[in-house]
$ cat run-v4.cif   # mmCIF, C-alpha atoms
data_run
#
loop_
_atom_site.label_atom_id
_atom_site.label_comp_id
_atom_site.auth_asym_id
_atom_site.auth_seq_id
_atom_site.Cartn_x
_atom_site.Cartn_y
_atom_site.Cartn_z
CA GLY A 1 66.62 105.26 91.44
CA ILE A 2 69.52 104.87 89.06
CA VAL A 3 71.77 107.55 90.63
CA ALA A 4 71.54 106.05 94.13
CA GLU A 5 72.38 102.61 92.77
CA THR A 6 75.33 103.47 90.56
CA ILE A 7 77.11 106.50 92.08
CA PRO A 8 78.94 105.80 95.37
CA ASP A 9 78.85 108.35 98.18
CA ARG A 10 81.29 111.27 97.64
CA GLU A 11 82.22 110.03 94.18
CA ASP A 12 83.28 112.56 91.53
CA VAL A 13 80.50 113.06 88.96
CA TYR A 14 81.04 114.28 85.40
CA ILE A 15 78.10 115.44 83.31
CA CYS A 16 78.30 114.38 79.67
CA HIS A 17 76.01 115.33 76.78
CA GLY A 18 73.93 112.64 75.14
CA ALA A 19 71.72 109.76 76.28
CA SER A 20 72.69 107.94 79.46
CA GLN A 21 72.89 104.18 79.85
CA THR A 22 69.79 102.34 80.93
CA THR A 23 69.83 100.17 84.03
CA LYS A 24 69.75 97.08 81.80
CA GLU A 25 72.77 98.29 79.82
CA ILE A 26 74.68 98.99 83.03
CA ASN A 27 73.83 95.52 84.44
CA ASP A 28 74.77 93.84 81.14
CA GLU A 29 78.10 95.68 81.14
CA ARG A 30 78.82 94.59 84.72
CA GLN A 31 77.91 91.00 83.94
CA ALA A 32 80.15 91.03 80.87
CA GLN A 33 83.05 92.24 83.03
CA ILE A 34 82.37 89.50 85.61
CA ASP A 35 82.26 86.86 82.86
CA LYS A 36 85.50 88.22 81.42
CA GLU A 37 87.25 88.00 84.82
CA LYS A 38 85.97 84.44 85.36
CA GLU A 39 87.22 83.40 81.93
CA ALA A 40 90.63 84.91 82.64
CA THR A 41 91.00 83.06 85.94
CA LYS A 42 89.27 79.72 85.30
CA HIS A 43 92.54 77.99 84.43
CA LEU A 44 94.35 79.49 87.42
CA SER A 45 94.61 78.17 90.97
CA LYS A 46 93.99 80.39 94.00
CA CYS A 47 96.33 80.31 96.97
CA VAL A 48 94.67 78.64 99.97
CA HIS A 49 96.65 80.62 102.56
CA PHE A 50 94.59 83.02 104.65
CA GLY A 51 94.86 86.61 103.45
CA CYS A 52 96.54 85.76 100.14
CA ASN A 53 94.64 86.44 96.93
CA ASN A 54 97.35 85.35 94.49
CA ARG A 55 96.35 83.27 91.49
CA PHE A 56 98.82 81.23 89.49
CA PRO A 57 98.93 78.51 86.81
CA LYS A 58 97.91 75.07 88.01
CA GLY A 59 101.04 73.17 88.89
CA GLY A 60 103.12 76.34 89.32
CA PRO A 61 105.30 78.24 89.28
CA TYR A 62 104.24 79.31 92.77
CA PRO A 63 104.75 83.00 93.64
CA VAL A 64 106.00 84.42 96.93
CA CYS A 65 103.18 84.47 99.46
CA ASN A 66 102.49 86.88 102.32
CA TYR A 67 99.72 85.45 104.44
CA HIS A 68 98.21 84.75 107.88
CA ILE A 69 98.42 81.41 109.62
CA SER A 70 94.91 81.58 111.12
CA PRO A 71 91.47 82.69 109.85
CA PRO A 72 90.01 86.18 110.22
CA VAL A 73 87.58 87.17 112.98
CA PHE A 74 84.51 89.29 112.31
CA HIS A 75 82.99 90.24 115.64
CA GLU A 76 80.52 93.12 115.92
CA THR A 77 82.33 96.03 114.20
CA ALA A 78 85.87 94.67 114.70
CA LYS A 79 87.76 92.80 111.99
CA PHE A 80 91.11 91.15 112.65
CA TRP A 81 93.17 88.02 112.05
CA SER A 82 93.01 85.47 114.86
CA CYS A 83 96.79 85.02 114.67
CA CYS A 84 97.28 88.79 115.11
CA PRO A 85 94.58 89.81 117.64
CA ASN A 86 96.26 93.09 118.58
CA LYS A 87 95.87 94.55 115.09
CA LYS A 88 92.20 95.40 114.50
CA ALA A 89 90.29 97.25 111.81
CA TYR A 90 86.76 98.62 111.72
CA ASP A 91 86.05 98.88 108.01
CA TRP A 92 86.74 96.53 105.12
CA GLU A 93 89.38 98.63 103.36
CA GLU A 94 91.35 99.08 106.57
CA PHE A 95 91.10 95.35 107.28
CA GLN A 96 92.54 94.52 103.86
CA ARG A 97 95.54 96.74 104.60
CA LEU A 98 96.48 94.94 107.84
CA PRO A 99 100.01 93.51 107.54
CA THR A 100 100.48 89.76 107.22
CA CYS A 101 102.53 87.69 109.66
CA GLN A 102 103.87 84.84 107.51
CA LYS A 103 105.94 84.61 104.35
CA GLY A 104 106.46 81.61 102.09
CA ARG A 105 105.25 80.19 98.80
CA CYS A 106 101.69 80.05 97.52
CA THR A 107 100.00 76.67 97.37
CA ASP A 108 96.70 75.30 96.14
CA VAL A 109 96.83 72.25 98.42
CA LYS A 110 95.32 72.45 101.89
CA ASP A 111 97.11 70.58 104.66
CA GLU A 112 95.20 68.19 106.92
CA GLU A 113 94.60 70.83 109.57
CA GLY A 114 93.62 73.51 107.09
CA GLY A 115 91.12 71.25 105.36
CA SER A 116 88.86 71.22 108.42
CA GLN A 117 89.68 74.75 109.62
CA LYS A 118 87.00 77.42 109.54
CA GLN A 119 87.38 80.11 106.89
CA PHE A 120 86.45 82.83 109.38
CA LEU A 121 85.46 83.09 113.04
CA GLY A 122 82.75 84.99 114.88
CA GLY A 123 81.67 85.97 118.36
CA CYS A 124 80.57 82.44 119.26
CA ASP A 125 84.03 81.08 118.48
CA LEU A 126 85.62 83.69 120.74
CA ARG A 127 83.22 82.93 123.58
CA ASP A 128 83.82 79.18 123.22
CA LYS A 129 87.54 79.76 123.79
CA MET A 130 86.96 81.98 126.83
CA ASN A 131 84.13 80.10 128.54
CA GLY A 132 83.95 76.66 130.01
CA PRO A 133 80.99 74.25 129.70
CA THR A 134 77.54 75.83 129.86
CA LEU A 135 75.24 74.85 132.71
CA LYS A 136 71.73 73.70 131.76
CA SER A 137 68.68 75.62 132.86
CA ILE A 138 65.92 73.66 134.61
CA ASP A 139 63.72 74.10 131.54
CA ASP A 140 66.43 72.69 129.25
CA PHE A 141 67.03 69.81 131.65
CA ASN A 142 63.34 68.89 131.63
CA LYS A 143 63.08 69.09 127.83
CA SER A 144 66.20 66.98 127.47
CA ALA A 145 64.81 64.36 129.86
CA ALA A 146 61.47 64.32 128.02
CA ALA A 147 63.33 63.58 124.78
CA GLY A 148 65.12 60.58 126.23
CA GLY A 149 68.23 62.49 127.33
CA SER A 150 68.76 64.35 124.06
CA GLU A 151 71.03 67.38 124.37
CA GLY A 152 69.61 68.77 121.13
CA ALA A 153 65.91 68.80 122.04
CA PRO A 154 65.93 72.04 124.07
CA VAL A 155 68.20 73.71 121.53
CA LEU A 156 65.86 72.83 118.68
CA GLU A 157 62.90 74.08 120.68
CA ARG A 158 64.58 77.45 121.26
CA LEU A 159 65.61 77.64 117.61
CA ARG A 160 62.03 76.94 116.54
CA ASN A 161 60.76 79.83 118.67
CA VAL A 162 63.46 82.26 117.58
CA LEU A 163 62.93 81.50 113.87
CA GLU A 164 59.21 82.05 114.34
CA GLU A 165 59.99 85.55 115.64
CA LEU A 166 62.07 86.09 112.49
CA GLY A 167 59.16 85.11 110.28
CA VAL A 168 59.85 81.38 109.72
CA GLU A 169 56.60 79.50 110.34
CA ASN A 170 56.63 76.64 112.85
CA GLU A 171 55.09 74.37 110.21
CA LEU A 172 58.02 75.00 107.86
CA PHE A 173 60.54 74.39 110.63
CA ASP A 174 58.80 71.16 111.66
CA GLN A 175 58.69 69.96 108.04
CA VAL A 176 62.42 70.56 107.50
CA LEU A 177 63.44 69.07 110.85
CA GLY A 178 61.12 66.11 110.32
CA GLY A 179 62.70 65.40 106.95
CA ILE A 180 66.19 65.50 108.45
CA LYS A 181 65.17 63.14 111.27
CA LYS A 182 63.67 60.73 108.74
CA ASP A 183 66.92 60.70 106.74
CA VAL A 184 68.93 60.11 109.91
CA MET A 185 66.69 57.21 110.92
CA GLU A 186 66.97 55.64 107.47
CA ASP A 187 70.75 56.04 107.38
CA SER A 188 71.24 54.67 110.90
CA GLY A 189 68.60 51.95 110.68
CA SER A 190 66.81 53.31 113.77
CA ALA A 191 63.25 52.15 114.20
CA GLU A 192 62.29 55.03 116.49
CA GLU A 193 63.18 58.67 117.07
CA ASP A 194 65.55 58.33 120.01
CA ALA A 195 67.95 60.87 121.57
CA GLY A 196 70.69 59.97 119.10
CA VAL A 197 68.44 60.73 116.13
CA VAL A 198 67.42 64.11 117.60
CA ASP A 199 71.01 65.10 118.37
CA GLU A 200 72.24 64.09 114.92
CA ALA A 201 69.36 66.00 113.29
CA MET A 202 70.32 69.08 115.31
CA THR A 203 73.91 68.80 114.11
CA ILE A 204 72.85 68.46 110.47
CA LEU A 205 70.38 71.35 110.68
CA GLY A 206 72.98 73.51 112.41
CA GLY A 207 75.44 72.73 109.63
CA LYS A 208 72.93 73.69 106.95
CA LEU A 209 72.06 76.96 108.69
CA LYS A 210 75.74 77.73 109.17
CA GLN A 211 76.47 77.14 105.47
CA SER A 212 73.63 79.49 104.56
CA MET A 213 74.95 82.19 106.89
CA LYS A 214 78.50 81.71 105.61
CA ALA A 215 77.27 82.06 102.03
CA ILE A 216 75.65 85.37 102.94
CA ALA A 217 78.79 86.53 104.78
CA VAL A 218 81.02 85.55 101.86
CA GLU A 219 78.83 87.51 99.48
CA GLN A 220 78.85 90.54 101.77
CA LEU A 221 82.53 90.51 102.62
CA ARG A 222 83.70 89.13 99.27
CA ILE A 223 85.84 86.41 100.87
CA LYS A 224 86.63 83.93 98.13
#
$ encode --input "run-v4.cif" --output "structure tokens"
Amino acid sequence: GIVAETIPDREDVYICHGASQTTKEINDERQAQIDKEKEATKHLSKCVHFGCNNRFPKGGPYPVCNYHISPPVFHETAKFWSCCPNKKAYDWEEFQRLPTCQKGRCTDVKDEEGGSQKQFLGGCDLRDKMNGPTLKSIDDFNKSAAAGGSEGAPVLERLRNVLEELGVENELFDQVLGGIKKDVMEDSGSAEEDAGVVDEAMTILGGKLKQSMKAIAVEQLRIK
């Protein structure tokens, strides 16, 4: 119960006389601290450089910045910066202690390249760099041909089956995908669900799923 939730493993414990805090009191205290930290930083800008957590007044002055030029990679148990692939860590504290490779001034303005750059990379990104184009299976080729040449049709079919194994009902998947296709058709003025509509719907759905996964990863890894 309360001990398992509030006392970290191997933490020193001191026994004090008197009534202990209730779970509600502990949660209220934590929330008050979070609100206090937000209030203290709401008028500050955060450096956009990878690996820098400096905050500073909007408009400067800008402090000295030690940072990485490329995003971090989280692949299986390894954690490292893509610009420094030979320096790896296997737990979060060790990863935070990895030395930076760049030095300059903090900034709150992303450059054109950084604006579209991923905030962190995963196994798929590493494989994309190492591998060439993927050959289609016969099954994928047939599904693509049945959908008017759509590259996304077999991918969506596989995704539908995988999500069903994870507990997402086919009806829910079809409803969401159908709504996205309808929006695509309305935006593009298409009168029928052709290959272009299917492929665009796949891209939009993939983006939404990716944002959901990134939100979970950010919460877990506390990347802000």
$ resolve_selection --input "run-v4.cif" --expression "the PyMOL selection byres ((chain A and resi 208-212) around 12)" --output "JSON list (two decimals) with C-alpha atoms, keeping the file's coordinate frame"
[["chain", "number", "residue", "atom", "x", "y", "z"],
["A", 118, "LYS", "CA", 87.00, 77.42, 109.54],
["A", 119, "GLN", "CA", 87.38, 80.11, 106.89],
["A", 120, "PHE", "CA", 86.45, 82.83, 109.38],
["A", 121, "LEU", "CA", 85.46, 83.09, 113.04],
["A", 122, "GLY", "CA", 82.75, 84.99, 114.88],
["A", 159, "LEU", "CA", 65.61, 77.64, 117.61],
["A", 163, "LEU", "CA", 62.93, 81.50, 113.87],
["A", 173, "PHE", "CA", 60.54, 74.39, 110.63],
["A", 176, "VAL", "CA", 62.42, 70.56, 107.50],
["A", 177, "LEU", "CA", 63.44, 69.07, 110.85],
["A", 180, "ILE", "CA", 66.19, 65.50, 108.45],
["A", 201, "ALA", "CA", 69.36, 66.00, 113.29],
["A", 202, "MET", "CA", 70.32, 69.08, 115.31],
["A", 203, "THR", "CA", 73.91, 68.80, 114.11],
["A", 204, "ILE", "CA", 72.85, 68.46, 110.47],
["A", 205, "LEU", "CA", 70.38, 71.35, 110.68],
["A", 206, "GLY", "CA", 72.98, 73.51, 112.41],
["A", 207, "GLY", "CA", 75.44, 72.73, 109.63],
["A", 213, "MET", "CA", 74.95, 82.19, 106.89],
["A", 214, "LYS", "CA", 78.50, 81.71, 105.61],
["A", 215, "ALA", "CA", 77.27, 82.06, 102.03],
["A", 216, "ILE", "CA", 75.65, 85.37, 102.94],
["A", 217, "ALA", "CA", 78.79, 86.53, 104.78],
["A", 218, "VAL", "CA", 81.02, 85.55, 101.86],
["A", 219, "GLU", "CA", 78.83, 87.51, 99.48]]
$ residues_around --input "run-v4.cif" --residues "range 45-56 of chain A" --least-positions-apart "6" --cutoff "12 Å" --atoms "only C-alpha atoms" --output "count of residues only"
42
$ closest_residue --input "run-v4.cif" --among "A:Ala153, A:Ile7, A:Val168, A:Lys88" --to "Glu200 in chain A" --atoms "all atoms listed in the file"
A:Ala153
$ atom_distance --input "run-v4.cif" --atom1 "CA of Glu157 in chain A" --atom2 "CA of Asn170 in chain A"
10.4 Å
$ closest_residue --input "run-v4.cif" --among "A:Glu164, A:Glu193, A:Glu76, A:Glu29" --to "Gly178 in chain A" --atoms "only C-alpha atoms"
A:Glu193
$ closest_residue --input "run-v4.cif" --among "A:Asp199, A:Ile15, A:Asp28, A:Pro57" --to "Ala40 in chain A" --atoms "all atoms listed in the file"
A:Pro57
$ resolve_selection --input "run-v4.cif" --expression "the PyMOL selection byres ((chain A and resi 197) around 9)" --output "compact mmCIF listing (two decimals) with C-alpha atoms, in the coordinates of the input"
# COMPACT_ATOMS: atom_id res chain seq x y z
CA SER A 150 68.76 64.35 124.06
CA LYS A 181 65.17 63.14 111.27
CA LYS A 182 63.67 60.73 108.74
CA VAL A 184 68.93 60.11 109.91
CA MET A 185 66.69 57.21 110.92
CA SER A 188 71.24 54.67 110.90
CA SER A 190 66.81 53.31 113.77
CA GLU A 192 62.29 55.03 116.49
CA GLU A 193 63.18 58.67 117.07
CA ASP A 194 65.55 58.33 120.01
CA ALA A 195 67.95 60.87 121.57
CA GLY A 196 70.69 59.97 119.10
CA VAL A 198 67.42 64.11 117.60
CA ASP A 199 71.01 65.10 118.37
CA GLU A 200 72.24 64.09 114.92
CA ALA A 201 69.36 66.00 113.29
CA MET A 202 70.32 69.08 115.31
$ atom_distance --input "run-v4.cif" --atom1 "CA of Pro8 in chain A" --atom2 "CA of Tyr90 in chain A"
19.5 Å
$ atom_distance --input "run-v4.cif" --atom1 "CA of Ile26 in chain A" --atom2 "CA of Tyr14 in chain A"
16.7 Å
